[in-house]
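A short worksheet on the structure shown next.
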Amino acid sequence: MLQTLLDERFGLTSHLETKPLPVYQLVVAKSGAKLKRPKPDAKKGLTYEGSAWARITSETTSTADLAGLLSERLARPVIDKTGIATPFALNMEYQLYDQDSDHPTLFTALQETLGLRLEPAKGPVEILVVDRIEKTPTEN
């Protein structure tokens with residue numbers, strides 16, 4: 001519906017394109033994964049809390065879901081390359097700003113808590129390309 005409205009009111013024409021852009025790959029660290037088994041009655045989903053430091057918790061989640069949350073937090077796509085299909089429980093804290101020395105950085109927390117790493121890479125990212133748009137919308 002929104003696409004139709006933009007097309008009608010602003011003369012928007014666009015298309016999707018895949019380009020190689022900076023991404024992170026979520027991989028298993030050399031020390032190996034340190035994932036905790038979830039309880040049998042665990043609820044699926046991730047919880048994120050943050051101020052000067054952040055906490056990510058889950059009774060049971062997947063590396064794919066974790067990669068999705070990290071993509072949002074890092075404003076860069078995170079691609080799950082761990083090959084881990086089993087669910088796990090998660091309780092990880094990390095600093096959001098350099099001045100908080102009581103918590104590790106996200107990169108350190110991932111490695112120490114979960115045995116996972118984020119590697120910078122280039123990967124295929126789907127982007128929206130605006131071909132044309134009118135500055136003045138048409139009237140109702």
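Identifiers for the structure tokens are assigned positionally: chains receive A, B, ... in sequence, residues are indexed from 1 per chain, and ligands are indexed from 1 in the order shown.
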
Item to check | Shell around range 90-97 of chain A at 12 Å using only C-alpha atoms, local window under 4 positions removed, as an NGL selection string | outcome: :A and (34-39 or 42-63 or 65-66 or 73-74 or 101-115)

Residue set, range 52-115 of chain A restricted to alpha helix (DSSP H), as a ChimeraX atom specification: /A:63-74,106-109

Residues from last step as file, N, CA and C atoms, as a PDB file, in the first residue's frame:
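Result file follows (again.pdb):
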ATOM      1  N   THR A  63      21.806 -18.637  16.160  1.00  0.00           N
ATOM      2  CA  THR A  63      22.842 -17.723  15.685  1.00  0.00           C
ATOM      3  C   THR A  63      22.284 -16.816  14.585  1.00  0.00           C
ATOM      4  N   ALA A  64      21.318 -17.307  13.814  1.00  0.00           N
ATOM      5  CA  ALA A  64      20.690 -16.475  12.779  1.00  0.00           C
ATOM      6  C   ALA A  64      19.936 -15.309  13.413  1.00  0.00           C
ATOM      7  N   ASP A  65      19.192 -15.583  14.493  1.00  0.00           N
ATOM      8  CA  ASP A  65      18.473 -14.515  15.190  1.00  0.00           C
ATOM      9  C   ASP A  65      19.445 -13.530  15.832  1.00  0.00           C
ATOM     10  N   LEU A  66      20.536 -14.043  16.410  1.00  0.00           N
ATOM     11  CA  LEU A  66      21.554 -13.178  17.003  1.00  0.00           C
ATOM     12  C   LEU A  66      22.167 -12.285  15.927  1.00  0.00           C
ATOM     13  N   ALA A  67      22.463 -12.833  14.765  1.00  0.00           N
ATOM     14  CA  ALA A  67      23.022 -12.048  13.658  1.00  0.00           C
ATOM     15  C   ALA A  67      22.058 -10.939  13.260  1.00  0.00           C
ATOM     16  N   GLY A  68      20.756 -11.230  13.244  1.00  0.00           N
ATOM     17  CA  GLY A  68      19.752 -10.218  12.920  1.00  0.00           C
ATOM     18  C   GLY A  68      19.755  -9.076  13.922  1.00  0.00           C
ATOM     19  N   LEU A  69      19.820  -9.393  15.207  1.00  0.00           N
ATOM     20  CA  LEU A  69      19.848  -8.363  16.246  1.00  0.00           C
ATOM     21  C   LEU A  69      21.137  -7.556  16.142  1.00  0.00           C
ATOM     22  N   LEU A  70      22.256  -8.219  15.914  1.00  0.00           N
ATOM     23  CA  LEU A  70      23.531  -7.511  15.787  1.00  0.00           C
ATOM     24  C   LEU A  70      23.531  -6.588  14.573  1.00  0.00           C
ATOM     25  N   SER A  71      22.856  -6.983  13.503  1.00  0.00           N
ATOM     26  CA  SER A  71      22.733  -6.121  12.320  1.00  0.00           C
ATOM     27  C   SER A  71      22.067  -4.803  12.693  1.00  0.00           C
ATOM     28  N   GLU A  72      21.010  -4.876  13.484  1.00  0.00           N
ATOM     29  CA  GLU A  72      20.307  -3.673  13.931  1.00  0.00           C
ATOM     30  C   GLU A  72      21.201  -2.814  14.811  1.00  0.00           C
ATOM     31  N   ARG A  73      21.896  -3.438  15.747  1.00  0.00           N
ATOM     32  CA  ARG A  73      22.725  -2.706  16.710  1.00  0.00           C
ATOM     33  C   ARG A  73      23.946  -2.079  16.051  1.00  0.00           C
ATOM     34  N   LEU A  74      24.519  -2.738  15.048  1.00  0.00           N
ATOM     35  CA  LEU A  74      25.745  -2.259  14.408  1.00  0.00           C
ATOM     36  C   LEU A  74      25.481  -1.435  13.155  1.00  0.00           C
ATOM     37  N   LEU A 106      31.554  -5.124  22.547  1.00  0.00           N
ATOM     38  CA  LEU A 106      30.705  -6.142  21.932  1.00  0.00           C
ATOM     39  C   LEU A 106      31.556  -7.259  21.332  1.00  0.00           C
ATOM     40  N   PHE A 107      32.629  -6.894  20.647  1.00  0.00           N
ATOM     41  CA  PHE A 107      33.484  -7.877  19.988  1.00  0.00           C
ATOM     42  C   PHE A 107      34.129  -8.816  21.013  1.00  0.00           C
ATOM     43  N   THR A 108      34.593  -8.255  22.125  1.00  0.00           N
ATOM     44  CA  THR A 108      35.201  -9.067  23.188  1.00  0.00           C
ATOM     45  C   THR A 108      34.154  -9.919  23.886  1.00  0.00           C
ATOM     46  N   ALA A 109      32.981  -9.347  24.165  1.00  0.00           N
ATOM     47  CA  ALA A 109      31.908 -10.088  24.845  1.00  0.00           C
ATOM     48  C   ALA A 109      31.452 -11.282  24.005  1.00  0.00           C
TER      49      ALA A 109
END

Each residue of range 34-137 of chain A with at least one atom at most 7 Å from range 8-15 of chain A should appear once, together with its nearest atom pair and the corresponding distance in Å (one decimal); atoms considered: only C-alpha atoms; ordering: chain, then increasing residue number; output as CSV.
residue,atom,partner,partner_atom,distance
A:Leu128,CA,A:His15,CA,5.9
A:Val129,CA,A:His15,CA,5.4
A:Val130,CA,A:Ser14,CA,4.3
A:Asp131,CA,A:Ser14,CA,4.9
A:Arg132,CA,A:Thr13,CA,5.2
A:Ile133,CA,A:Leu12,CA,4.4
A:Glu134,CA,A:Phe10,CA,5.1
A:Thr136,CA,A:Phe10,CA,6.9
A:Pro137,CA,A:Phe10,CA,4.8

Once you have the residues from the selection above, write them out as a PDB file, in the first residue's frame, restricted to C-alpha atoms.
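File written: result28.pdb
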ATOM      1  CA  LEU A 128      16.706   0.286  -2.756  1.00  0.00           C
ATOM      2  CA  VAL A 129      17.663   2.560  -5.649  1.00  0.00           C
ATOM      3  CA  VAL A 130      15.373   5.540  -6.321  1.00  0.00           C
ATOM      4  CA  ASP A 131      15.198   6.112 -10.072  1.00  0.00           C
ATOM      5  CA  ARG A 132      12.859   9.097 -10.020  1.00  0.00           C
ATOM      6  CA  ILE A 133      10.714  11.086  -7.574  1.00  0.00           C
ATOM      7  CA  GLU A 134       8.793  14.350  -7.913  1.00  0.00           C
ATOM      8  CA  THR A 136       5.894  18.247  -5.259  1.00  0.00           C
ATOM      9  CA  PRO A 137       3.245  15.612  -4.581  1.00  0.00           C
TER      10      PRO A 137
END

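For the pair CA of Ala121 in chain A and CA of Pro87 in chain A, the interatomic distance is 25.4 Å.
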
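Counting from CA of Pro22 in chain A, the distance to CA of Ala85 in chain A is 24.9 Å.
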
message = Please report the interatomic distance between CA of Ile127 in chain A and CA of Leu16 in chain A in Å with one decimal.
response =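 Result for CA of Ile127 in chain A versus CA of Leu16 in chain A: 5.7 Å, one decimal.
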
Self-check item: range 37-122 of chain A: residues DSSP assigns to strand (DSSP E), reported as a ChimeraX atom specification
Solution: /A:47-50,53-61,78-80,88-95,116-122
